[in-house]
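Trainee: Pasting my_file07.cif here (mmCIF, C-alpha atoms and all ligand atoms):
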data_work
#
loop_
_atom_site.group_PDB
_atom_site.id
_atom_site.type_symbol
_atom_site.label_atom_id
_atom_site.label_comp_id
_atom_site.auth_asym_id
_atom_site.auth_seq_id
_atom_site.Cartn_x
_atom_site.Cartn_y
_atom_site.Cartn_z
ATOM 1 C CA MET A 1 0.000 0.000 0.000
ATOM 2 C CA PRO A 2 1.643 3.294 -1.037
ATOM 3 C CA PHE A 3 1.943 6.117 1.435
ATOM 4 C CA SER A 4 0.175 9.337 0.587
ATOM 5 C CA THR A 5 1.978 12.668 0.805
ATOM 6 C CA PRO A 6 1.239 14.316 4.159
ATOM 7 C CA ASN A 7 -0.528 17.651 4.210
ATOM 8 C CA PRO A 8 2.220 20.357 4.293
ATOM 9 C CA ARG A 9 0.293 22.218 7.010
ATOM 10 C CA PHE A 10 0.387 19.098 9.164
ATOM 11 C CA VAL A 11 4.148 18.786 8.682
ATOM 12 C CA VAL A 12 4.587 22.438 9.729
ATOM 13 C CA PHE A 13 2.263 21.845 12.693
ATOM 14 C CA VAL A 14 4.243 18.860 13.964
ATOM 15 C CA PHE A 15 7.576 20.636 13.360
ATOM 16 C CA VAL A 16 6.504 23.819 15.204
ATOM 17 C CA LEU A 17 5.055 21.862 18.132
ATOM 18 C CA LEU A 18 8.223 19.759 18.401
ATOM 19 C CA ILE A 19 10.455 22.845 18.346
ATOM 20 C CA LEU A 20 8.301 24.535 21.003
ATOM 21 C CA LYS A 21 8.190 21.454 23.221
ATOM 22 C CA VAL A 22 11.910 20.683 22.979
ATOM 23 C CA GLY A 23 12.821 24.361 23.380
ATOM 24 C CA LEU A 24 10.590 24.894 26.409
ATOM 25 C CA THR A 25 11.637 21.654 28.114
ATOM 26 C CA SER A 26 15.330 22.404 27.506
ATOM 27 C CA PHE A 27 14.896 25.904 28.924
ATOM 28 C CA LEU A 28 13.087 24.598 32.019
ATOM 29 C CA LEU A 29 15.783 21.995 32.653
ATOM 30 C CA MET A 30 18.851 24.147 31.968
ATOM 31 C CA SER A 31 17.922 27.539 33.422
ATOM 32 C CA ARG A 32 18.544 28.011 37.171
ATOM 33 C CA ASP A 33 16.649 31.324 37.356
ATOM 34 C CA ALA A 34 13.484 30.250 39.193
ATOM 35 C CA ALA A 35 11.980 33.760 39.231
ATOM 36 C CA PHE A 36 12.403 34.145 35.475
ATOM 37 C CA LYS A 37 11.014 30.682 34.768
ATOM 38 C CA ARG A 38 8.054 31.424 37.053
ATOM 39 C CA LYS A 39 7.382 34.561 34.996
ATOM 40 C CA VAL A 40 7.729 33.137 31.467
ATOM 41 C CA TYR A 41 6.466 29.563 31.806
ATOM 42 C CA PRO A 42 2.700 30.257 32.131
ATOM 43 C CA PRO A 43 2.484 32.531 29.048
ATOM 44 C CA LEU A 44 4.571 30.072 27.003
ATOM 45 C CA ALA A 45 2.444 27.091 28.055
ATOM 46 C CA ILE A 46 -0.756 28.990 27.255
ATOM 47 C CA ALA A 47 0.711 30.133 23.909
ATOM 48 C CA GLY A 48 1.497 26.497 23.086
ATOM 49 C CA SER A 49 -2.118 25.525 23.715
ATOM 50 C CA VAL A 50 -3.416 28.427 21.629
ATOM 51 C CA ILE A 51 -1.045 27.440 18.791
ATOM 52 C CA TYR A 52 -2.363 23.876 19.051
ATOM 53 C CA LEU A 53 -5.938 25.116 18.557
ATOM 54 C CA LEU A 54 -4.919 27.537 15.794
ATOM 55 C CA PHE A 55 -3.256 24.746 13.859
ATOM 56 C CA GLY A 56 -6.400 22.695 14.273
ATOM 57 C CA TRP A 57 -8.276 25.570 12.683
ATOM 58 C CA ALA A 58 -5.610 25.934 9.930
ATOM 59 C CA MET A 59 -5.916 22.212 9.191
ATOM 60 C CA GLY A 60 -9.574 22.736 8.437
ATOM 61 C CA THR A 61 -11.048 21.288 11.609
ATOM 62 C CA ASP A 62 -14.703 22.188 12.037
ATOM 63 C CA PRO A 63 -14.866 25.265 14.336
ATOM 64 C CA ARG A 64 -17.590 23.528 16.365
ATOM 65 C CA THR A 65 -15.179 20.676 17.040
ATOM 66 C CA LEU A 66 -12.531 23.175 18.121
ATOM 67 C CA LEU A 67 -15.059 24.794 20.465
ATOM 68 C CA LEU A 68 -15.729 21.367 21.945
ATOM 69 C CA ILE A 69 -12.072 20.528 22.532
ATOM 70 C CA ALA A 70 -10.989 24.024 23.649
ATOM 71 C CA PRO A 71 -12.202 23.516 27.255
ATOM 72 C CA PHE A 72 -10.285 20.233 27.459
ATOM 73 C CA VAL A 73 -7.144 21.923 26.142
ATOM 74 C CA ALA A 74 -7.655 24.731 28.691
ATOM 75 C CA VAL A 75 -8.092 22.277 31.583
ATOM 76 C CA SER A 76 -5.081 20.253 30.419
ATOM 77 C CA THR A 77 -2.974 23.424 30.271
ATOM 78 C CA TYR A 78 -4.164 24.490 33.719
ATOM 79 C CA MET A 79 -3.366 21.055 35.178
ATOM 80 C CA GLY A 80 0.062 21.154 33.520
ATOM 81 C CA LEU A 81 0.767 24.566 35.018
ATOM 82 C CA ARG A 82 -0.237 23.350 38.494
ATOM 83 C CA LYS A 83 2.129 20.385 38.319
ATOM 84 C CA VAL A 84 5.264 22.487 37.809
ATOM 85 C CA ARG A 85 7.104 24.450 40.490
ATOM 86 C CA PHE A 86 10.432 26.263 40.472
ATOM 87 C CA CYS A 87 12.789 25.964 43.430
ATOM 88 C CA ASP A 88 14.144 29.232 44.831
ATOM 89 C CA GLY A 89 16.873 27.270 46.620
ATOM 90 C CA CYS A 90 18.572 25.626 43.641
ATOM 91 C CA GLY A 91 16.610 26.882 40.616
ATOM 92 C CA SER A 92 15.435 23.442 39.555
ATOM 93 C CA THR A 93 12.188 22.818 37.731
ATOM 94 C CA ILE A 94 10.155 20.244 39.638
ATOM 95 C CA TRP A 95 7.302 18.331 38.047
ATOM 96 C CA SER A 96 4.781 16.773 40.423
ATOM 97 C CA GLU A 97 4.408 13.007 40.460
ATOM 98 C CA GLU A 98 0.874 13.482 41.782
ATOM 99 C CA ARG A 99 -1.951 13.883 39.301
ATOM 100 C CA PHE A 100 -3.795 16.755 40.955
ATOM 101 C CA SER A 101 -1.439 18.385 43.417
ATOM 102 C CA PRO A 102 1.662 20.487 42.902
ATOM 103 C CA PRO A 103 4.993 19.326 44.330
ATOM 104 C CA GLN A 104 5.594 20.421 47.925
ATOM 105 C CA TYR A 105 9.377 19.961 48.161
ATOM 106 C CA CYS A 106 12.265 20.202 45.731
ATOM 107 C CA SER A 107 13.471 16.754 44.733
ATOM 108 C CA GLU A 108 16.970 18.173 44.090
ATOM 109 C CA CYS A 109 17.725 20.106 47.299
ATOM 110 C CA GLY A 110 14.745 19.354 49.578
ATOM 111 C CA ALA A 111 13.651 22.999 49.946
ATOM 112 C CA LYS A 112 9.958 23.730 50.520
ATOM 113 C CA LEU A 113 8.332 24.942 47.292
ATOM 114 C CA GLU A 114 5.862 27.813 47.137
HETATM 115 ZN ZN ZN A 201 15.855 22.880 44.988
#
As structure tokens - that is how I would like this structure written.

Mentor:
Amino acid sequence: MPFSTPNPRFVVFVFVLLILKVGLTSFLLMSRDAAFKRKVYPPLAIAGSVIYLLFGWAMGTDPRTLLLIAPFVAVSTYMGLRKVRFCDGCGSTIWSEERFSPPQYCSECGAKLE
């Protein structure tokens, strides 16, 4: 069975999302500036979700379908934001192992997280 040529918009979509994801994750892991990460992470995570929906629109997804999935994307983004904390003690980015609660202590230095 021959493979069909993928939609160029889909290729751009996957490429942009990969670049954003790898770039953001690398930044969160390498930067030790907790205050700066605390400031820039929420807008970047929200921008990623908006880009996800915009690409859905650009791919020709029915706007009603996008309206249906938008609340799920919003909740997923909110949950993702709650699961990440930045340690003022060592600057590490700490992702919670718990599904619904943010991390309480830094797994790198043991400091209490705010
Ligand atoms: Zn720490």

Trainee: Given the file shown, enumerate the residues that the PyMOL selection byres (((not hetatm)) within 10 of (chain A and resi 201)) captures and present them as a list in words.

Mentor: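 Selected by the PyMOL selection byres (((not hetatm)) within 10 of (chain A and resi 201)) here: Arg32, Ala34, Arg85, Phe86, Cys87, Asp88, Gly89, Cys90, Gly91, Ser92, Thr93, Ile94, Tyr105, Cys106, Ser107, Glu108, Cys109, Gly110, Ala111, Lys112 and Leu113 of chain A.
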
Trainee: Out of A:Arg38, A:Val11, A:Ala45, A:Phe3, which residue has the shortest atom-to-atom distance to A:Thr25 when counting only C-alpha atoms?

Mentor: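 Distance minimum relative to A:Thr25 lands on A:Ala45.
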
Trainee: Measuring atom to atom with all atoms listed in the file, identify which of A:Val73, A:Leu24, A:Met59, A:Leu17 is nearest to A:Tyr41.

Mentor: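 That would be A:Leu24, the residue with the smallest distance to A:Tyr41.
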
Trainee: Starting from the displayed file, determine the output of the PyMOL selection byres (((chain A and resi 98) around 12) and not hetatm) and express the residue list as a list in words.

Mentor: Met79, Gly80, Arg82, Lys83, Val84, Ile94, Trp95, Ser96, Glu97, Arg99, Phe100, Ser101, Pro102, Pro103 and Gln104 of chain A

Trainee: Selection from above, C-alpha atoms, as a PDB file, in the coordinates of the input, can you write it?

Mentor:
ATOM      1  CA  MET A  79      -3.366  21.055  35.178  1.00  0.00           C
ATOM      2  CA  GLY A  80       0.062  21.154  33.520  1.00  0.00           C
ATOM      3  CA  ARG A  82      -0.237  23.350  38.494  1.00  0.00           C
ATOM      4  CA  LYS A  83       2.129  20.385  38.319  1.00  0.00           C
ATOM      5  CA  VAL A  84       5.264  22.487  37.809  1.00  0.00           C
ATOM      6  CA  ILE A  94      10.155  20.244  39.638  1.00  0.00           C
ATOM      7  CA  TRP A  95       7.302  18.331  38.047  1.00  0.00           C
ATOM      8  CA  SER A  96       4.781  16.773  40.423  1.00  0.00           C
ATOM      9  CA  GLU A  97       4.408  13.007  40.460  1.00  0.00           C
ATOM     10  CA  ARG A  99      -1.951  13.883  39.301  1.00  0.00           C
ATOM     11  CA  PHE A 100      -3.795  16.755  40.955  1.00  0.00           C
ATOM     12  CA  SER A 101      -1.439  18.385  43.417  1.00  0.00           C
ATOM     13  CA  PRO A 102       1.662  20.487  42.902  1.00  0.00           C
ATOM     14  CA  PRO A 103       4.993  19.326  44.330  1.00  0.00           C
ATOM     15  CA  GLN A 104       5.594  20.421  47.925  1.00  0.00           C
TER      16      GLN A 104
END

Trainee: Pick the closest to A:Gly56 from A:Phe36, A:Ile19, A:Pro43, A:Ala70: which is it, counting all atoms listed in the file?

Mentor: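 Ranking A:Phe36, A:Ile19, A:Pro43, A:Ala70 by distance to A:Gly56, first place goes to A:Ala70.
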
Trainee: Calculate how many Å separate atom CA of A:Val75 from atom CA of A:Leu54, rounding to one decimal.

Mentor: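 Computing the Euclidean distance for atom CA of A:Val75 and atom CA of A:Leu54 yields 16.9 Å.
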
Trainee: Work out where the centre of an axis-aligned box around every listed atom of stretch 30-47 of chain A lies and how long its edges are once 6 Å is added on each side; give both in Å to one decimal as AutoDock Vina command-line options.

Mentor:
--center_x 9.0 --center_y 29.4 --center_z 31.6 --size_x 31.6 --size_y 22.4 --size_z 27.3

Trainee: What's around A:Phe13 at 12 Å? Count only C-alpha atoms, leave out sequence neighbours fewer than 4 positions away in its own chain, and write the answer as a list in words.

Mentor: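 Within the cut-off, the hits are Pro6, Asn7, Pro8, Arg9, Leu17, Leu18, Ile19, Leu20, Gly48, Ile51, Tyr52, Leu53, Leu54, Phe55, Gly56, Trp57, Ala58 and Met59 of chain A.
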
Trainee: One number please: atom CA of A:Leu29 to atom CA of A:Thr77, in Å, one decimal.

Mentor: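 Atom-to-atom, atom CA of A:Leu29 and atom CA of A:Thr77 are spaced 19.0 Å apart.
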
Trainee: Could you pull the residues within 9 Å of A:Pro42, counting all atoms listed in the file, minus those fewer than 5 positions along the same chain, as a list in words?

Mentor: Lys37, Ala47 and Leu81 of chain A

Trainee: If you measure from atom CA of A:Ser76 to atom CA of A:Gly60, what distance in Å do you get, rounded to one decimal?

Mentor: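 Between atom CA of A:Ser76 and atom CA of A:Gly60 the gap works out to 22.6 Å.
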
Trainee: Will you model N, CA and C atoms for stretch 86-114 of chain A and pass it back as a JSON list (two decimals), in the frame of the given file?

Mentor:
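What follows is the written file result.json:
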[["chain", "number", "residue", "atom", "x", "y", "z"],
["A", 86, "PHE", "N", 9.04, 25.89, 40.66],
["A", 86, "PHE", "CA", 10.43, 26.26, 40.47],
["A", 86, "PHE", "C", 11.04, 26.53, 41.84],
["A", 87, "CYS", "N", 12.16, 25.88, 42.11],
["A", 87, "CYS", "CA", 12.79, 25.96, 43.43],
["A", 87, "CYS", "C", 13.62, 27.24, 43.54],
["A", 88, "ASP", "N", 13.34, 28.03, 44.59],
["A", 88, "ASP", "CA", 14.14, 29.23, 44.83],
["A", 88, "ASP", "C", 15.50, 28.88, 45.42],
["A", 89, "GLY", "N", 15.60, 27.68, 46.01],
["A", 89, "GLY", "CA", 16.87, 27.27, 46.62],
["A", 89, "GLY", "C", 17.93, 26.91, 45.60],
["A", 90, "CYS", "N", 17.57, 26.10, 44.61],
["A", 90, "CYS", "CA", 18.57, 25.63, 43.64],
["A", 90, "CYS", "C", 18.21, 25.97, 42.20],
["A", 91, "GLY", "N", 17.01, 26.49, 41.97],
["A", 91, "GLY", "CA", 16.61, 26.88, 40.62],
["A", 91, "GLY", "C", 16.05, 25.76, 39.77],
["A", 92, "SER", "N", 15.93, 24.58, 40.34],
["A", 92, "SER", "CA", 15.44, 23.44, 39.56],
["A", 92, "SER", "C", 13.96, 23.59, 39.20],
["A", 93, "THR", "N", 13.59, 22.95, 38.11],
["A", 93, "THR", "CA", 12.19, 22.82, 37.73],
["A", 93, "THR", "C", 11.72, 21.47, 38.25],
["A", 94, "ILE", "N", 10.65, 21.47, 39.03],
["A", 94, "ILE", "CA", 10.15, 20.24, 39.64],
["A", 94, "ILE", "C", 8.76, 19.95, 39.12],
["A", 95, "TRP", "N", 8.60, 18.78, 38.51],
["A", 95, "TRP", "CA", 7.30, 18.33, 38.05],
["A", 95, "TRP", "C", 6.71, 17.40, 39.10],
["A", 96, "SER", "N", 5.44, 17.60, 39.42],
["A", 96, "SER", "CA", 4.78, 16.77, 40.42],
["A", 96, "SER", "C", 4.55, 15.36, 39.90],
["A", 97, "GLU", "N", 4.73, 14.39, 40.78],
["A", 97, "GLU", "CA", 4.41, 13.01, 40.46],
["A", 97, "GLU", "C", 2.91, 12.76, 40.66],
["A", 98, "GLU", "N", 2.30, 13.62, 41.48],
["A", 98, "GLU", "CA", 0.87, 13.48, 41.78],
["A", 98, "GLU", "C", 0.05, 14.03, 40.62],
["A", 99, "ARG", "N", -1.12, 13.46, 40.42],
["A", 99, "ARG", "CA", -1.95, 13.88, 39.30],
["A", 99, "ARG", "C", -2.56, 15.27, 39.52],
["A", 100, "PHE", "N", -3.03, 15.54, 40.74],
["A", 100, "PHE", "CA", -3.80, 16.76, 40.96],
["A", 100, "PHE", "C", -3.15, 17.76, 41.91],
["A", 101, "SER", "N", -2.01, 17.44, 42.47],
["A", 101, "SER", "CA", -1.44, 18.39, 43.42],
["A", 101, "SER", "C", -0.02, 18.77, 43.00],
["A", 102, "PRO", "N", 0.32, 20.03, 43.26],
["A", 102, "PRO", "CA", 1.66, 20.49, 42.90],
["A", 102, "PRO", "C", 2.69, 19.90, 43.86],
["A", 103, "PRO", "N", 3.96, 19.85, 43.44],
["A", 103, "PRO", "CA", 4.99, 19.33, 44.33],
["A", 103, "PRO", "C", 5.15, 20.24, 45.54],
["A", 104, "GLN", "N", 5.44, 19.65, 46.69],
["A", 104, "GLN", "CA", 5.59, 20.42, 47.92],
["A", 104, "GLN", "C", 7.05, 20.73, 48.24],
["A", 105, "TYR", "N", 7.95, 19.80, 47.85],
["A", 105, "TYR", "CA", 9.38, 19.96, 48.16],
["A", 105, "TYR", "C", 10.21, 19.71, 46.92],
["A", 106, "CYS", "N", 11.34, 20.38, 46.85],
["A", 106, "CYS", "CA", 12.26, 20.20, 45.73],
["A", 106, "CYS", "C", 12.91, 18.82, 45.82],
["A", 107, "SER", "N", 12.87, 18.08, 44.73],
["A", 107, "SER", "CA", 13.47, 16.75, 44.73],
["A", 107, "SER", "C", 14.98, 16.83, 44.56],
["A", 108, "GLU", "N", 15.51, 18.02, 44.26],
["A", 108, "GLU", "CA", 16.97, 18.17, 44.09],
["A", 108, "GLU", "C", 17.65, 18.59, 45.40],
["A", 109, "CYS", "N", 17.07, 19.60, 46.09],
["A", 109, "CYS", "CA", 17.73, 20.11, 47.30],
["A", 109, "CYS", "C", 16.87, 19.96, 48.55],
["A", 110, "GLY", "N", 15.61, 19.57, 48.41],
["A", 110, "GLY", "CA", 14.74, 19.35, 49.58],
["A", 110, "GLY", "C", 14.05, 20.60, 50.09],
["A", 111, "ALA", "N", 14.28, 21.75, 49.47],
["A", 111, "ALA", "CA", 13.65, 23.00, 49.95],
["A", 111, "ALA", "C", 12.14, 22.92, 49.76],
["A", 112, "LYS", "N", 11.41, 23.63, 50.65],
["A", 112, "LYS", "CA", 9.96, 23.73, 50.52],
["A", 112, "LYS", "C", 9.65, 24.63, 49.33],
["A", 113, "LEU", "N", 8.70, 24.18, 48.50],
["A", 113, "LEU", "CA", 8.33, 24.94, 47.29],
["A", 113, "LEU", "C", 7.11, 25.77, 47.57],
["A", 114, "GLU", "N", 7.05, 26.96, 46.97],
["A", 114, "GLU", "CA", 5.86, 27.81, 47.14],
["A", 114, "GLU", "C", 4.89, 27.58, 46.02]]
